[in-house]
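The block underneath contains the structure these notes are about, expressed in C-alpha cells.
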Amino acid sequence: MDFALAADWINLLSRWFHITVGITWIGTSFYFMSLDYQLKPKPADAPGGPGGTAWEVHGGGFYYVDKYLVAPPNLPPDLIWHRWAAYLTWVSGFCLLVAQYYFNARGFLIDPTVAKIEPWQAIAISLGGIVAGWIIYDQLCKSPLAGFPAVLSTIVFLLIIGAAWAFSHVFSGRGAFIHVGVFVGTIMAANVFMVIVPNQKIVVGDLIAGRRPDPKYGKIGKTRSTHNNYLTLPVLLMMVSNHYPMLYGHPHSWLVVALVVVIGALVQHTINRHEAGDPWQSYGWAVPVSAIALVVAIFVTAQRPKLDLAAAGQVTEARALELTATHCANCHARRPKHEGFTEAPKGVTLETAADLRRYAQQIVQQAVQSNAMPLGNESGMTDSHRAELGAYLASIK
C-alpha cells in the first residue's frame, strides 16, 4: 500500500469516526440544554430542591427527569457521565487535521502567495495557535469578566475573529478557514475535559466525603456548556467549509467567519429562548438580525475582485489544454502525478477538451472565480492564467 492510499484511508476512517462521535456529542449537548430550558419549577420541599422537573415521551415510553441544582444528598450507585463523545470528537478531528493538512501541508495548508513558509513552520504555527487560543479563552473565563456574560461573550467573539484574521495571513484560504473550526472546536472540547468534568468530579468527591458541594462548580460548568452550545452551529459550518470556496477563498475570509458566528449564535439563541418558553418579543429580534447577517454574508461572498476575461482575448483550445496540463492535470488526471493522490480528486479529470466542457462550471468556481485551485497554488497559477482559462470556458458555453 503506497503512502497516498494509506493517507486516504486514514482520512476516510477518521472522518467517519469524527462524524459519528461528533453527532453523539452535539446531540447530547443540545438535549441537555433543551432539557434545562424546559424544566418546570418544583416545590421547595420536593427532592432536589427548586431545580426543576420534566415529563418526556420518546420511542414509545415516558420518562420523568428530576434535576438537582447542586447535587443529590447522596451519591447514586449508577452515575452516567457524558464526556467521551466530546473527547473522541476532538481526537478524531485532530487525526483528520494531521492526515489531510499536516501530511500534505504544501497542498492544503500553505499558499506561497500568502506566506512563504515550510511545512514544519506551518504545523508549528497551527499547533501554537490552537494551544494559545485555549489558554487565552480560559484565562478570560477565569477573569472578573466572568461576572459580565455579555461582555465576556463579546470578547470571545473578537478572539475568534482575531484568530481568523491571523490564520488568513499565514495559511491558504482553505487551511485558514478549517483552522478557525479547529480553534473553536478545541475550546469546546477543552471546556469539557479541563473544566466541566473536573468540576463535576469535585462535586462527586464532596458527596463521597460527606461534604456539602459548593454550587460555584456547577455554575462554572454551566457557563462553559452554554458557550459550547452557542458555538456549535458556527463550528459545524467551519468544518464543512472546504467544500465551498466562496467562503474560504474570499480575500477577507475573517469577515465571513464573523458573519457565520453571528448567524449561528443568533439562530441558537432563538431556539434556546423558544424552548425556554420566553415571550416572542423578548428574543424575536434575533431572527431578523440573523437574516440580515445572512444577506450580508451572501453579498460579501459575491463581492470579490473580478478577472478581466475580455482582456485575455480569444483563447484557443490548445492554450486552454496547455494551462490545465500545467496547473490542473498533475492531480486531475486519470493517473495523477501528484504524490498526494492515487486518483483524480472527486473523479474530475482535466486532460482533454471534452473534460473541460464537462467540468466547465466547476473549473470556473474553483480556479477562475476563486483561487481555491490549484491546491496551495503549487504550480504558481497567475490571475492572467485564470483569466485566459475563464475566457476559453466562457466561449464554449
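Chain lettering (A, B, ...) mirrors the order of the C-alpha cells, residue numbering begins at 1 for each chain separately, and ligand numbering begins at 1 in order of display.
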Backbone-only DSSP, alpha helix (DSSP H) members of segment 188-280 of chain A, as an MDAnalysis selection string: chainID A and resid 188:190 197:209 215:239 245:248 253:275 280
If you run DSSP on the backbone here, which positions in segment 40-182 of chain A get strand (DSSP E or B)? Please write them as a PDB file with N, CA and C atoms, in the first residue's frame.
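Output saved as part.pdb:
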```pdb
ATOM      1  N   LYS A  40     -39.762  22.322  34.596  1.00  0.00           N
ATOM      2  CA  LYS A  40     -40.803  23.047  35.318  1.00  0.00           C
ATOM      3  C   LYS A  40     -40.400  23.191  36.781  1.00  0.00           C
ATOM      4  N   GLY A  52     -35.935  21.647  39.222  1.00  0.00           N
ATOM      5  CA  GLY A  52     -36.876  21.535  38.118  1.00  0.00           C
ATOM      6  C   GLY A  52     -37.154  20.089  37.772  1.00  0.00           C
ATOM      7  N   THR A  53     -38.236  19.882  37.036  1.00  0.00           N
ATOM      8  CA  THR A  53     -38.637  18.531  36.657  1.00  0.00           C
ATOM      9  C   THR A  53     -39.303  18.573  35.288  1.00  0.00           C
ATOM     10  N   ALA A  54     -39.308  17.416  34.606  1.00  0.00           N
ATOM     11  CA  ALA A  54     -39.916  17.360  33.282  1.00  0.00           C
ATOM     12  C   ALA A  54     -40.384  15.950  32.971  1.00  0.00           C
ATOM     13  N   TRP A  55     -41.521  15.885  32.296  1.00  0.00           N
ATOM     14  CA  TRP A  55     -42.010  14.630  31.746  1.00  0.00           C
ATOM     15  C   TRP A  55     -41.727  14.649  30.248  1.00  0.00           C
ATOM     16  N   GLU A  56     -41.218  13.515  29.723  1.00  0.00           N
ATOM     17  CA  GLU A  56     -40.904  13.429  28.302  1.00  0.00           C
ATOM     18  C   GLU A  56     -41.437  12.117  27.738  1.00  0.00           C
ATOM     19  N   VAL A  57     -41.705  12.117  26.441  1.00  0.00           N
ATOM     20  CA  VAL A  57     -42.136  10.895  25.770  1.00  0.00           C
ATOM     21  C   VAL A  57     -41.248  10.692  24.546  1.00  0.00           C
ATOM     22  N   HIS A  58     -40.763   9.470  24.360  1.00  0.00           N
ATOM     23  CA  HIS A  58     -39.904   9.170  23.220  1.00  0.00           C
ATOM     24  C   HIS A  58     -39.836   7.660  23.033  1.00  0.00           C
ATOM     25  N   GLY A  61     -42.114   5.286  25.057  1.00  0.00           N
ATOM     26  CA  GLY A  61     -42.077   5.272  26.514  1.00  0.00           C
ATOM     27  C   GLY A  61     -42.141   6.659  27.104  1.00  0.00           C
ATOM     28  N   PHE A  62     -42.426   6.739  28.419  1.00  0.00           N
ATOM     29  CA  PHE A  62     -42.476   8.004  29.143  1.00  0.00           C
ATOM     30  C   PHE A  62     -41.291   8.081  30.099  1.00  0.00           C
ATOM     31  N   TYR A  63     -40.724   9.286  30.211  1.00  0.00           N
ATOM     32  CA  TYR A  63     -39.558   9.494  31.065  1.00  0.00           C
ATOM     33  C   TYR A  63     -39.848  10.634  32.032  1.00  0.00           C
ATOM     34  N   TYR A  64     -39.398  10.457  33.261  1.00  0.00           N
ATOM     35  CA  TYR A  64     -39.541  11.507  34.265  1.00  0.00           C
ATOM     36  C   TYR A  64     -38.132  11.945  34.677  1.00  0.00           C
ATOM     37  N   VAL A  65     -37.824  13.233  34.465  1.00  0.00           N
ATOM     38  CA  VAL A  65     -36.487  13.762  34.736  1.00  0.00           C
ATOM     39  C   VAL A  65     -36.567  14.746  35.890  1.00  0.00           C
ATOM     40  N   ASP A  66     -35.686  14.567  36.866  1.00  0.00           N
ATOM     41  CA  ASP A  66     -35.663  15.408  38.059  1.00  0.00           C
ATOM     42  C   ASP A  66     -34.270  15.996  38.191  1.00  0.00           C
ATOM     43  N   LYS A  67     -34.149  17.336  38.217  1.00  0.00           N
ATOM     44  CA  LYS A  67     -32.838  17.972  38.296  1.00  0.00           C
ATOM     45  C   LYS A  67     -32.561  18.503  39.695  1.00  0.00           C
TER      46      LYS A  67
END
```
Counting only C-alpha atoms, which of A:Ser253, A:Asn272, A:Ser379, A:Asn229 gets nearest to Thr28 of chain A?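 Under the stated criterion, the closest residue is A:Asn229.
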To one decimal place, how far is atom CA of Gln361 of chain A from atom CA of Leu393 of chain A in Å?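 Rounded to one decimal, the two atoms are 8.5 Å apart.
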Quick one: residues within 12 Å of Thr382 of chain A, only C-alpha atoms counted, chain neighbours fewer than 4 positions away excluded, as a ChimeraX atom specification? /A:113,307,323,326-327,367-368,370-371,373-374,377-378,386-389
Which polymer residues have any atom within 8 Å of an atom of segment 81-98 of chain A, counting only C-alpha atoms, with same-chain residues fewer than 2 positions away left out, as an MDAnalysis selection string? chainID A and resid 10:11 14:15 17:19 21:22 24:25 28 79 100:103 182 185:186 189 192:193 197
Between atom CA of Ala176 of chain A and atom CA of Thr270 of chain A, distance in Å (one decimal): 29.1 Å
Gln314 of chain A: which residues within 12 Å, counting only C-alpha atoms, same-chain residues fewer than 4 positions away excluded, as a compact mmCIF listing (two decimals) with C-alpha atoms, in the first residue's frame?
```
# COMPACT_ATOMS: atom_id res chain seq x y z
CA LEU A 309 -11.82 37.98 -19.19
CA ALA A 310 -12.15 40.29 -22.16
CA ALA A 318 -4.76 24.23 -27.35
CA ARG A 319 -3.88 27.09 -24.98
CA ALA A 320 -6.60 26.06 -22.53
CA ALA A 387 -8.48 34.94 -16.96
CA GLU A 388 -7.35 33.01 -20.04
CA LEU A 389 -8.92 29.81 -18.78
CA GLY A 390 -12.10 31.67 -17.87
CA ALA A 391 -12.27 33.32 -21.30
CA TYR A 392 -11.97 29.96 -23.05
CA LEU A 393 -14.64 28.35 -20.87
CA ALA A 394 -16.98 31.30 -21.48
CA SER A 395 -16.51 30.88 -25.27
CA ILE A 396 -17.59 27.22 -25.28
```
Can you list, as a PyMOL selection string, every protein, DNA or RNA residue that comes within 12 Å of Glu118 of chain A when you count only C-alpha atoms, leaving out same-chain residues fewer than 4 positions away? chain A and resi 102+104-107+109-112+122-125+170-171
Rounded to one decimal in Å, what is the spacing between atom CA of Pro234 of chain A and atom CA of Trp280 of chain A?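 Value for the atom CA of Pro234 of chain A-atom CA of Trp280 of chain A distance: 23.6 Å.
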Excluding Val240 of chain A and its own-chain neighbours fewer than 4 positions away, which residues fall within 10 Å of it when counting only C-alpha atoms? Please give them as a PyMOL selection string. chain A and resi 177-178+181+235-236+244
Would you output that residue set with N, CA and C atoms, as a tab-separated table (two decimals), in the first residue's frame?
```tsv
chain	number	residue	atom	x	y	z
A	177	PHE	N	-9.55	28.70	7.07
A	177	PHE	CA	-10.94	28.53	7.49
A	177	PHE	C	-11.10	27.29	8.36
A	178	ILE	N	-10.45	26.19	7.97
A	178	ILE	CA	-10.58	24.97	8.76
A	178	ILE	C	-9.92	25.16	10.12
A	181	GLY	N	-12.25	26.51	12.64
A	181	GLY	CA	-13.05	25.43	13.19
A	181	GLY	C	-12.31	24.63	14.24
A	235	VAL	N	-19.23	26.31	14.34
A	235	VAL	CA	-18.11	25.39	14.13
A	235	VAL	C	-18.48	24.28	13.16
A	236	LEU	N	-19.74	23.88	13.13
A	236	LEU	CA	-20.17	22.87	12.17
A	236	LEU	C	-19.98	23.37	10.74
A	244	TYR	N	-16.68	24.65	0.00
A	244	TYR	CA	-17.27	25.89	-0.51
A	244	TYR	C	-16.21	26.99	-0.63
```
From the list A:Met33, A:Ile23, A:Ala115, A:Ala293, which residue is nearest Thr223 of chain A when using only C-alpha atoms?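 Using only C-alpha atoms, the shortest distance to Thr223 of chain A belongs to A:Met33.
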Considering only C-alpha atoms, state which residue in the set A:Asp78, A:Glu275, A:Asp214, A:Asp206 is at the smallest distance from Asp36 of chain A.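 Smallest separation from Asp36 of chain A among the options: A:Glu275.
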Which of A:Val195, A:Val151, A:Val70, A:Val156 sits closest to Leu207 of chain A [using only C-alpha atoms]: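 Of the candidates, the smallest distance to Leu207 of chain A is held by A:Val70.
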Determine, for each residue of segment 229-325 of chain A having at least one atom at most 12 Å from an atom of segment 339-349 of chain A, the closest pair of atoms and their separation in Å to one decimal, counting only C-alpha atoms; order by chain and ascending number, as JSON lines.
```
{"residue": "A:His243", "atom": "CA", "partner": "A:Lys346", "partner_atom": "CA", "distance": 11.3}
{"residue": "A:Leu321", "atom": "CA", "partner": "A:Thr349", "partner_atom": "CA", "distance": 12.0}
{"residue": "A:Thr324", "atom": "CA", "partner": "A:Thr349", "partner_atom": "CA", "distance": 10.1}
{"residue": "A:Ala325", "atom": "CA", "partner": "A:Thr349", "partner_atom": "CA", "distance": 10.7}
```
Name the closest residue to Gly128 of chain A among the candidates A:His169, A:His179, A:His252, A:Lys337; distances are taken between atoms, counting only C-alpha atoms.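 With only C-alpha atoms as the atom set, the closest residue is A:His179.
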